[in-house]
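Next up, my_file-v3.pdb (PDB, C-alpha atoms, pLDDT in the B column):
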```pdb
ATOM      1  CA  MET A   1       0.000   0.000   0.000  1.00 68.00           C
ATOM      2  CA  GLU A   2       2.776   2.434   0.940  1.00 82.00           C
ATOM      3  CA  LYS A   3       4.654   1.606  -2.267  1.00 85.00           C
ATOM      4  CA  ARG A   4       1.624   2.312  -4.476  1.00 90.00           C
ATOM      5  CA  THR A   5       0.890   5.528  -2.603  1.00 91.00           C
ATOM      6  CA  PHE A   6       4.510   6.640  -2.969  1.00 93.00           C
ATOM      7  CA  GLN A   7       4.431   5.881  -6.689  1.00 92.00           C
ATOM      8  CA  ARG A   8       1.237   7.900  -7.114  1.00 92.00           C
ATOM      9  CA  GLY A   9       2.942  10.816  -5.387  1.00 91.00           C
ATOM     10  CA  LEU A  10       5.928  10.445  -7.724  1.00 94.00           C
ATOM     11  CA  LYS A  11       3.658  10.594 -10.751  1.00 92.00           C
ATOM     12  CA  ASP A  12       1.773  13.666  -9.521  1.00 91.00           C
ATOM     13  CA  GLY A  13       5.040  15.345  -8.563  1.00 92.00           C
ATOM     14  CA  ILE A  14       6.619  15.188 -12.024  1.00 92.00           C
ATOM     15  CA  PRO A  15       4.759  18.259 -13.427  1.00 89.00           C
ATOM     16  CA  ILE A  16       5.644  20.123 -10.225  1.00 90.00           C
ATOM     17  CA  ALA A  17       9.317  19.230 -10.628  1.00 92.00           C
ATOM     18  CA  LEU A  18       9.316  20.507 -14.218  1.00 88.00           C
ATOM     19  CA  GLY A  19       7.756  23.807 -13.176  1.00 85.00           C
ATOM     20  CA  TYR A  20      10.181  24.139 -10.274  1.00 89.00           C
ATOM     21  CA  PHE A  21      13.151  23.477 -12.547  1.00 90.00           C
ATOM     22  CA  ALA A  22      12.236  26.427 -14.763  1.00 83.00           C
ATOM     23  CA  VAL A  23      11.798  28.896 -11.891  1.00 84.00           C
ATOM     24  CA  ALA A  24      14.833  27.647  -9.948  1.00 89.00           C
ATOM     25  CA  PHE A  25      16.897  28.009 -13.119  1.00 88.00           C
ATOM     26  CA  THR A  26      16.233  31.738 -12.964  1.00 83.00           C
ATOM     27  CA  PHE A  27      17.072  31.841  -9.256  1.00 88.00           C
ATOM     28  CA  GLY A  28      20.390  30.083  -9.875  1.00 90.00           C
ATOM     29  CA  MET A  29      21.342  32.615 -12.534  1.00 86.00           C
ATOM     30  CA  MET A  30      20.399  35.545 -10.313  1.00 84.00           C
ATOM     31  CA  ALA A  31      22.227  34.131  -7.296  1.00 88.00           C
ATOM     32  CA  VAL A  32      25.511  33.743  -9.171  1.00 87.00           C
ATOM     33  CA  SER A  33      25.105  37.172 -10.763  1.00 81.00           C
ATOM     34  CA  ALA A  34      24.639  38.624  -7.274  1.00 84.00           C
ATOM     35  CA  GLY A  35      27.958  37.213  -6.101  1.00 87.00           C
ATOM     36  CA  LEU A  36      27.049  33.852  -4.541  1.00 90.00           C
ATOM     37  CA  ASN A  37      28.978  30.784  -5.608  1.00 92.00           C
ATOM     38  CA  ILE A  38      27.299  27.738  -7.095  1.00 92.00           C
ATOM     39  CA  GLY A  39      27.424  25.737  -3.857  1.00 93.00           C
ATOM     40  CA  GLN A  40      25.750  28.511  -1.872  1.00 93.00           C
ATOM     41  CA  ALA A  41      22.968  28.905  -4.427  1.00 93.00           C
ATOM     42  CA  VAL A  42      22.261  25.160  -4.474  1.00 94.00           C
ATOM     43  CA  LEU A  43      22.335  24.934  -0.654  1.00 94.00           C
ATOM     44  CA  ILE A  44      19.739  27.721  -0.389  1.00 93.00           C
ATOM     45  CA  SER A  45      17.370  25.889  -2.733  1.00 93.00           C
ATOM     46  CA  LEU A  46      17.930  22.525  -1.079  1.00 92.00           C
ATOM     47  CA  THR A  47      17.057  23.822   2.385  1.00 91.00           C
ATOM     48  CA  ASN A  48      14.343  26.413   1.687  1.00 88.00           C
ATOM     49  CA  LEU A  49      11.969  25.304  -1.107  1.00 87.00           C
ATOM     50  CA  THR A  50      10.295  28.691  -1.414  1.00 86.00           C
ATOM     51  CA  SER A  51      10.580  30.770  -4.561  1.00 82.00           C
ATOM     52  CA  ALA A  52       9.262  34.039  -3.120  1.00 80.00           C
ATOM     53  CA  GLY A  53      11.289  33.638   0.062  1.00 84.00           C
ATOM     54  CA  GLN A  54      14.482  32.837  -1.799  1.00 89.00           C
ATOM     55  CA  PHE A  55      14.227  35.737  -4.236  1.00 85.00           C
ATOM     56  CA  ALA A  56      13.452  38.128  -1.378  1.00 80.00           C
ATOM     57  CA  GLY A  57      16.266  36.677   0.717  1.00 86.00           C
ATOM     58  CA  LEU A  58      18.697  37.017  -2.166  1.00 87.00           C
ATOM     59  CA  ASN A  59      17.828  40.688  -2.440  1.00 81.00           C
ATOM     60  CA  LEU A  60      18.532  41.157   1.281  1.00 82.00           C
ATOM     61  CA  ILE A  61      21.869  39.366   0.955  1.00 87.00           C
ATOM     62  CA  VAL A  62      22.885  41.624  -1.935  1.00 84.00           C
ATOM     63  CA  THR A  63      21.846  44.799  -0.115  1.00 80.00           C
ATOM     64  CA  GLY A  64      23.512  43.751   3.141  1.00 83.00           C
ATOM     65  CA  GLY A  65      20.350  43.214   5.177  1.00 78.00           C
ATOM     66  CA  THR A  66      20.582  42.121   8.811  1.00 83.00           C
ATOM     67  CA  TYR A  67      19.690  38.674  10.162  1.00 86.00           C
ATOM     68  CA  TYR A  68      16.677  40.253  11.876  1.00 84.00           C
ATOM     69  CA  GLU A  69      15.432  41.649   8.574  1.00 80.00           C
ATOM     70  CA  MET A  70      15.996  38.300   6.893  1.00 84.00           C
ATOM     71  CA  ALA A  71      14.097  36.379   9.591  1.00 86.00           C
ATOM     72  CA  LEU A  72      11.174  38.823   9.603  1.00 81.00           C
ATOM     73  CA  THR A  73      10.941  38.859   5.814  1.00 78.00           C
ATOM     74  CA  GLN A  74      10.932  35.076   5.587  1.00 85.00           C
ATOM     75  CA  LEU A  75       8.319  34.841   8.356  1.00 84.00           C
ATOM     76  CA  ILE A  76       5.927  37.188   6.574  1.00 77.00           C
ATOM     77  CA  ILE A  77       6.464  35.780   3.084  1.00 77.00           C
ATOM     78  CA  ASN A  78       6.171  32.135   4.143  1.00 84.00           C
ATOM     79  CA  LEU A  79       3.407  32.526   6.713  1.00 80.00           C
ATOM     80  CA  ARG A  80       0.948  31.189   4.160  1.00 80.00           C
ATOM     81  CA  TYR A  81       2.548  27.770   4.588  1.00 88.00           C
ATOM     82  CA  CYS A  82       1.307  27.804   8.174  1.00 86.00           C
ATOM     83  CA  LEU A  83      -2.256  28.075   6.883  1.00 82.00           C
ATOM     84  CA  MET A  84      -1.649  25.298   4.374  1.00 87.00           C
ATOM     85  CA  SER A  85      -0.172  23.095   7.087  1.00 89.00           C
ATOM     86  CA  PHE A  86      -3.203  23.635   9.318  1.00 86.00           C
ATOM     87  CA  SER A  87      -5.415  22.425   6.500  1.00 84.00           C
ATOM     88  CA  LEU A  88      -3.121  19.550   5.543  1.00 88.00           C
ATOM     89  CA  SER A  89      -2.933  18.340   9.145  1.00 87.00           C
ATOM     90  CA  GLN A  90      -6.670  17.633   8.964  1.00 84.00           C
ATOM     91  CA  LYS A  91      -6.196  15.803   5.670  1.00 86.00           C
ATOM     92  CA  LEU A  92      -3.315  13.559   6.751  1.00 88.00           C
ATOM     93  CA  ASP A  93      -3.943  10.038   7.953  1.00 85.00           C
ATOM     94  CA  ARG A  94      -4.763  10.244  11.655  1.00 84.00           C
ATOM     95  CA  LYS A  95      -2.355   7.385  12.334  1.00 85.00           C
ATOM     96  CA  ALA A  96       0.615   9.315  10.919  1.00 85.00           C
ATOM     97  CA  ALA A  97       3.293   9.659  13.606  1.00 88.00           C
ATOM     98  CA  TRP A  98       4.810  13.013  14.540  1.00 90.00           C
ATOM     99  CA  GLY A  99       8.006  12.140  12.686  1.00 91.00           C
ATOM    100  CA  HIS A 100       6.052  11.766   9.459  1.00 91.00           C
ATOM    101  CA  ARG A 101       4.287  15.054  10.072  1.00 91.00           C
ATOM    102  CA  TYR A 102       7.593  16.882  10.544  1.00 92.00           C
ATOM    103  CA  LEU A 103       8.935  15.495   7.263  1.00 92.00           C
ATOM    104  CA  VAL A 104       5.719  16.346   5.403  1.00 92.00           C
ATOM    105  CA  ALA A 105       5.860  19.875   6.849  1.00 92.00           C
ATOM    106  CA  PHE A 106       9.318  20.426   5.376  1.00 92.00           C
ATOM    107  CA  GLY A 107       7.954  19.736   1.887  1.00 90.00           C
ATOM    108  CA  VAL A 108       4.823  21.892   2.096  1.00 92.00           C
ATOM    109  CA  THR A 109       4.770  24.206  -0.907  1.00 90.00           C
ATOM    110  CA  ASP A 110       1.857  25.758  -2.784  1.00 86.00           C
ATOM    111  CA  GLU A 111       1.884  23.052  -5.437  1.00 88.00           C
ATOM    112  CA  ILE A 112       2.536  20.019  -3.230  1.00 92.00           C
ATOM    113  CA  PHE A 113      -0.215  21.222  -0.925  1.00 90.00           C
ATOM    114  CA  GLY A 114      -2.478  21.598  -3.942  1.00 86.00           C
ATOM    115  CA  VAL A 115      -2.079  18.022  -5.137  1.00 89.00           C
ATOM    116  CA  SER A 116      -2.295  16.653  -1.575  1.00 90.00           C
ATOM    117  CA  ALA A 117      -5.468  18.564  -0.750  1.00 84.00           C
ATOM    118  CA  SER A 118      -7.112  17.385  -3.972  1.00 83.00           C
ATOM    119  CA  GLN A 119      -6.759  13.691  -3.037  1.00 85.00           C
ATOM    120  CA  GLU A 120      -9.872  11.760  -2.095  1.00 82.00           C
ATOM    121  CA  GLY A 121     -10.095  10.839   1.585  1.00 83.00           C
ATOM    122  CA  ALA A 122      -7.180  10.859   4.012  1.00 87.00           C
ATOM    123  CA  VAL A 123      -3.687  11.399   2.623  1.00 89.00           C
ATOM    124  CA  SER A 124      -0.807   9.131   3.540  1.00 91.00           C
ATOM    125  CA  PRO A 125       2.554  10.790   4.278  1.00 92.00           C
ATOM    126  CA  TRP A 126       3.998   8.472   1.648  1.00 93.00           C
ATOM    127  CA  TYR A 127       2.037  10.325  -1.029  1.00 94.00           C
ATOM    128  CA  ASN A 128       3.762  13.554  -0.014  1.00 93.00           C
ATOM    129  CA  TYR A 129       7.114  11.786   0.116  1.00 94.00           C
ATOM    130  CA  GLY A 130       6.595  10.692  -3.481  1.00 94.00           C
ATOM    131  CA  ALA A 131       5.809  14.225  -4.623  1.00 94.00           C
ATOM    132  CA  MET A 132       8.714  15.620  -2.618  1.00 95.00           C
ATOM    133  CA  ALA A 133      11.087  12.993  -4.043  1.00 95.00           C
ATOM    134  CA  VAL A 134      10.856  14.576  -7.500  1.00 95.00           C
ATOM    135  CA  ALA A 135       9.851  18.172  -6.655  1.00 93.00           C
ATOM    136  CA  ILE A 136      12.791  18.893  -4.345  1.00 94.00           C
ATOM    137  CA  PRO A 137      15.433  17.531  -6.768  1.00 95.00           C
ATOM    138  CA  GLY A 138      13.711  19.443  -9.584  1.00 94.00           C
ATOM    139  CA  TRP A 139      14.006  22.689  -7.635  1.00 94.00           C
ATOM    140  CA  THR A 140      17.588  22.025  -6.571  1.00 95.00           C
ATOM    141  CA  LEU A 141      18.742  20.793  -9.988  1.00 95.00           C
ATOM    142  CA  GLY A 142      17.176  23.812 -11.655  1.00 92.00           C
ATOM    143  CA  THR A 143      19.187  26.066  -9.376  1.00 93.00           C
ATOM    144  CA  LEU A 144      22.376  24.147 -10.151  1.00 94.00           C
ATOM    145  CA  VAL A 145      21.897  24.310 -13.927  1.00 92.00           C
ATOM    146  CA  GLY A 146      20.951  27.989 -13.764  1.00 90.00           C
ATOM    147  CA  ALA A 147      23.976  28.802 -11.627  1.00 90.00           C
ATOM    148  CA  ILE A 148      26.294  26.972 -14.017  1.00 89.00           C
ATOM    149  CA  SER A 149      24.715  28.529 -17.114  1.00 82.00           C
ATOM    150  CA  GLY A 150      25.237  32.055 -15.818  1.00 66.00           C
ATOM    151  CA  ASN A 151      24.113  34.661 -18.298  1.00 61.00           C
ATOM    152  CA  LEU A 152      24.255  32.492 -21.406  1.00 68.00           C
ATOM    153  CA  LEU A 153      20.518  32.649 -22.145  1.00 67.00           C
ATOM    154  CA  PRO A 154      18.863  35.747 -23.665  1.00 68.00           C
ATOM    155  CA  ASP A 155      16.584  37.855 -21.450  1.00 66.00           C
ATOM    156  CA  PHE A 156      13.349  36.827 -23.173  1.00 66.00           C
ATOM    157  CA  VAL A 157      14.034  33.139 -22.414  1.00 66.00           C
ATOM    158  CA  VAL A 158      14.698  33.903 -18.742  1.00 62.00           C
ATOM    159  CA  SER A 159      11.477  35.913 -18.592  1.00 63.00           C
ATOM    160  CA  ALA A 160       9.516  32.990 -20.057  1.00 64.00           C
ATOM    161  CA  LEU A 161      11.005  30.580 -17.520  1.00 62.00           C
ATOM    162  CA  SER A 162      10.024  32.852 -14.632  1.00 59.00           C
ATOM    163  CA  VAL A 163       6.296  32.522 -15.399  1.00 63.00           C
ATOM    164  CA  ALA A 164       6.328  28.762 -15.974  1.00 59.00           C
ATOM    165  CA  ILE A 165       5.387  28.056 -12.365  1.00 57.00           C
ATOM    166  CA  TYR A 166       2.086  29.940 -12.748  1.00 65.00           C
ATOM    167  CA  GLY A 167       1.066  27.765 -15.681  1.00 64.00           C
ATOM    168  CA  MET A 168       1.985  24.691 -13.667  1.00 58.00           C
ATOM    169  CA  PHE A 169      -0.091  25.888 -10.712  1.00 64.00           C
ATOM    170  CA  LEU A 170      -3.100  26.317 -13.009  1.00 71.00           C
ATOM    171  CA  ALA A 171      -2.664  22.700 -14.018  1.00 65.00           C
ATOM    172  CA  VAL A 172      -2.894  21.761 -10.332  1.00 62.00           C
ATOM    173  CA  ILE A 173      -6.117  23.641  -9.526  1.00 72.00           C
ATOM    174  CA  ILE A 174      -8.137  23.259 -12.749  1.00 76.00           C
ATOM    175  CA  PRO A 175      -8.957  19.506 -12.412  1.00 71.00           C
ATOM    176  CA  PRO A 176     -10.405  19.879  -8.862  1.00 71.00           C
ATOM    177  CA  CYS A 177     -12.411  22.904 -10.040  1.00 77.00           C
ATOM    178  CA  LYS A 178     -14.044  20.769 -12.718  1.00 77.00           C
ATOM    179  CA  LYS A 179     -15.031  18.104 -10.211  1.00 74.00           C
ATOM    180  CA  ASN A 180     -16.163  20.264  -7.298  1.00 74.00           C
ATOM    181  CA  SER A 181     -18.132  23.500  -7.662  1.00 78.00           C
ATOM    182  CA  ALA A 182     -17.148  24.550  -4.129  1.00 76.00           C
ATOM    183  CA  VAL A 183     -13.468  24.494  -5.124  1.00 76.00           C
ATOM    184  CA  LEU A 184     -14.270  26.574  -8.206  1.00 82.00           C
ATOM    185  CA  GLU A 185     -16.106  29.105  -6.045  1.00 82.00           C
ATOM    186  CA  VAL A 186     -13.100  29.365  -3.716  1.00 81.00           C
ATOM    187  CA  VAL A 187     -10.698  29.928  -6.618  1.00 82.00           C
ATOM    188  CA  VAL A 188     -12.890  32.562  -8.270  1.00 87.00           C
ATOM    189  CA  GLY A 189     -13.563  34.214  -4.913  1.00 84.00           C
ATOM    190  CA  ALA A 190      -9.854  34.367  -4.098  1.00 82.00           C
ATOM    191  CA  MET A 191      -9.097  35.916  -7.490  1.00 84.00           C
ATOM    192  CA  ALA A 192     -11.834  38.506  -7.041  1.00 86.00           C
ATOM    193  CA  MET A 193     -10.748  39.398  -3.509  1.00 83.00           C
ATOM    194  CA  SER A 194      -7.092  39.641  -4.504  1.00 80.00           C
ATOM    195  CA  THR A 195      -8.002  41.958  -7.377  1.00 82.00           C
ATOM    196  CA  LEU A 196     -10.157  44.107  -5.098  1.00 82.00           C
ATOM    197  CA  LEU A 197      -7.423  44.443  -2.493  1.00 78.00           C
ATOM    198  CA  SER A 198      -4.896  45.434  -5.143  1.00 76.00           C
ATOM    199  CA  TYR A 199      -6.983  48.529  -5.972  1.00 79.00           C
ATOM    200  CA  LEU A 200      -7.479  49.670  -2.391  1.00 75.00           C
ATOM    201  CA  PRO A 201      -5.184  52.359  -0.919  1.00 73.00           C
ATOM    202  CA  LEU A 202      -4.324  49.854   1.810  1.00 66.00           C
ATOM    203  CA  HIS A 203      -2.426  47.818  -0.778  1.00 62.00           C
ATOM    204  CA  ARG A 204       0.433  50.316  -0.735  1.00 66.00           C
ATOM    205  CA  GLN A 205       0.820  50.058   3.029  1.00 67.00           C
ATOM    206  CA  ILE A 206       1.215  46.278   3.354  1.00 66.00           C
ATOM    207  CA  SER A 207       3.281  43.656   1.577  1.00 63.00           C
ATOM    208  CA  SER A 208       1.947  41.454  -1.192  1.00 60.00           C
ATOM    209  CA  SER A 209       2.601  38.387   0.983  1.00 57.00           C
ATOM    210  CA  LEU A 210       0.340  39.755   3.714  1.00 65.00           C
ATOM    211  CA  ILE A 211      -2.358  40.368   1.109  1.00 70.00           C
ATOM    212  CA  VAL A 212      -2.094  36.718   0.107  1.00 67.00           C
ATOM    213  CA  ILE A 213      -2.589  35.699   3.737  1.00 67.00           C
ATOM    214  CA  ILE A 214      -5.577  38.029   4.184  1.00 75.00           C
ATOM    215  CA  THR A 215      -7.136  36.741   0.965  1.00 77.00           C
ATOM    216  CA  THR A 216      -6.560  33.128   1.996  1.00 72.00           C
ATOM    217  CA  VAL A 217      -8.042  33.505   5.473  1.00 75.00           C
ATOM    218  CA  MET A 218     -11.109  35.452   4.330  1.00 80.00           C
ATOM    219  CA  THR A 219     -11.843  33.282   1.307  1.00 80.00           C
ATOM    220  CA  ALA A 220     -11.304  30.018   3.166  1.00 73.00           C
ATOM    221  CA  GLY A 221     -13.406  31.210   6.103  1.00 77.00           C
ATOM    222  CA  ILE A 222     -16.327  32.226   3.901  1.00 82.00           C
ATOM    223  CA  ALA A 223     -16.081  28.986   1.921  1.00 77.00           C
ATOM    224  CA  ALA A 224     -16.031  26.875   5.085  1.00 73.00           C
ATOM    225  CA  TRP A 225     -19.137  28.687   6.346  1.00 79.00           C
ATOM    226  CA  LEU A 226     -21.042  28.342   3.072  1.00 77.00           C
ATOM    227  CA  ASN A 227     -19.893  24.805   2.194  1.00 72.00           C
ATOM    228  CA  PRO A 228     -19.067  22.943   5.406  1.00 69.00           C
ATOM    229  CA  ILE A 229     -17.689  19.421   5.030  1.00 61.00           C
ATOM    230  CA  GLN A 230     -19.845  16.874   6.807  1.00 61.00           C
ATOM    231  CA  GLU A 231     -17.569  14.419   8.584  1.00 56.00           C
ATOM    232  CA  LYS A 232     -18.599  10.796   8.559  1.00 53.00           C
ATOM    233  CA  LYS A 233     -19.457   9.415  11.967  1.00 50.00           C
ATOM    234  CA  GLU A 234     -17.554   6.331  12.970  1.00 45.00           C
ATOM    235  CA  GLY A 235     -19.644   3.276  13.713  1.00 45.00           C
ATOM    236  CA  THR A 236     -20.035   2.215  17.338  1.00 42.00           C
ATOM    237  CA  ALA A 237     -20.212  -1.192  18.890  1.00 41.00           C
ATOM    238  CA  GLY A 238     -23.363  -3.116  18.044  1.00 42.00           C
ATOM    239  CA  GLY A 239     -23.734  -1.342  14.690  1.00 41.00           C
ATOM    240  CA  GLU A 240     -25.286   1.772  16.234  1.00 39.00           C
TER     241      GLU A 240
END
```
Just dump the structure as structure tokens.
Amino acid sequence: MEKRTFQRGLKDGIPIALGYFAVAFTFGMMAVSAGLNIGQAVLISLTNLTSAGQFAGLNLIVTGGTYYEMALTQLIINLRYCLMSFSLSQKLDRKAAWGHRYLVAFGVTDEIFGVSASQEGAVSPWYNYGAMAVAIPGWTLGTLVGAISGNLLPDFVVSALSVAIYGMFLAVIIPPCKKNSAVLEVVVGAMAMSTLLSYLPLHRQISSSLIVIITTVMTAGIAAWLNPIQEKKEGTAGGE
């Protein structure tokens, strides 16, 4: 059972790995151009797994930011993963030990969370391990190749690679939207709320990452209120 679940995670993780490779390629090029060596760039990708956090962190490294600024920036940018982990903790197999949960938490990204949350029923940690087993190497290898390539590619190619992850994320959310109208409502609602917030004067006072968090909390809260999931009651002794 664990082997089949792991293999299913591997299969679902391949498109994620391809998307990660393209974006990480750009990060590797930027990191080397900013003065980091190849080993440092690869180590950052291997231990962080966050595109927004890494690009923001790279900017702080280049500008000589303090450790406090780095920690605060990463906390704000990656706080959305806390929300995803809350949701995923309810989706994981109840029998999953704490060690499994810690390992799954390390691999929580937007896309891996997306494919995990779209699975029917409880999710085994081995499914996430399968997705992580190709997604993490894809992200790290992309950084390595980008760092080695340097500035060999023309600007328009680099620009195209930087948006590849958005197309890949659409591929993650479209199938569930077709199957479940509630998921479609959440996606459309999040897009509408994000657009609305971008036009408000408040948008200039707070970071884009905080807007993502606000949008996520409000949209998810409204969706949970309008479309609550009815949990199945476990049978009791005597068939009651």
**Asked** When the PyMOL selection byres ((chain A and resi 75-91) around 9) is applied to the file above, which residues end up in the set, as an MDAnalysis selection string?
**Response** chainID A and resid 50 52:53 56 70:74 92:94 101 105 108:110 113 116:117 119 121:124 207:210 212:213 216:217
**Asked** When distances are computed from all atoms listed in the file, which of A:Gly28, A:Gly130, A:Gly35, A:Gly64 shows the smallest separation from A:Leu10?
**Response** A:Gly130
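Atom pair atom CA of A:Gly39 / atom CA of A:Tyr102 has a distance of 26.1 Å (rounded to one decimal).
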**For atom CA of A:Ile173 and atom CA of A:Gly114, the interatomic separation in Å (one decimal)** = 7.0 Å
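Relative to atom CA of A:Phe21, atom CA of A:Ala147 is found at 12.1 Å.
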**Exercise: residues within 10 Å of coordinate (24.8, 22.6, -11.7), counting all atoms listed in the file, as a ChimeraX atom specification** = /A:25,28,38-39,41-42,140-149
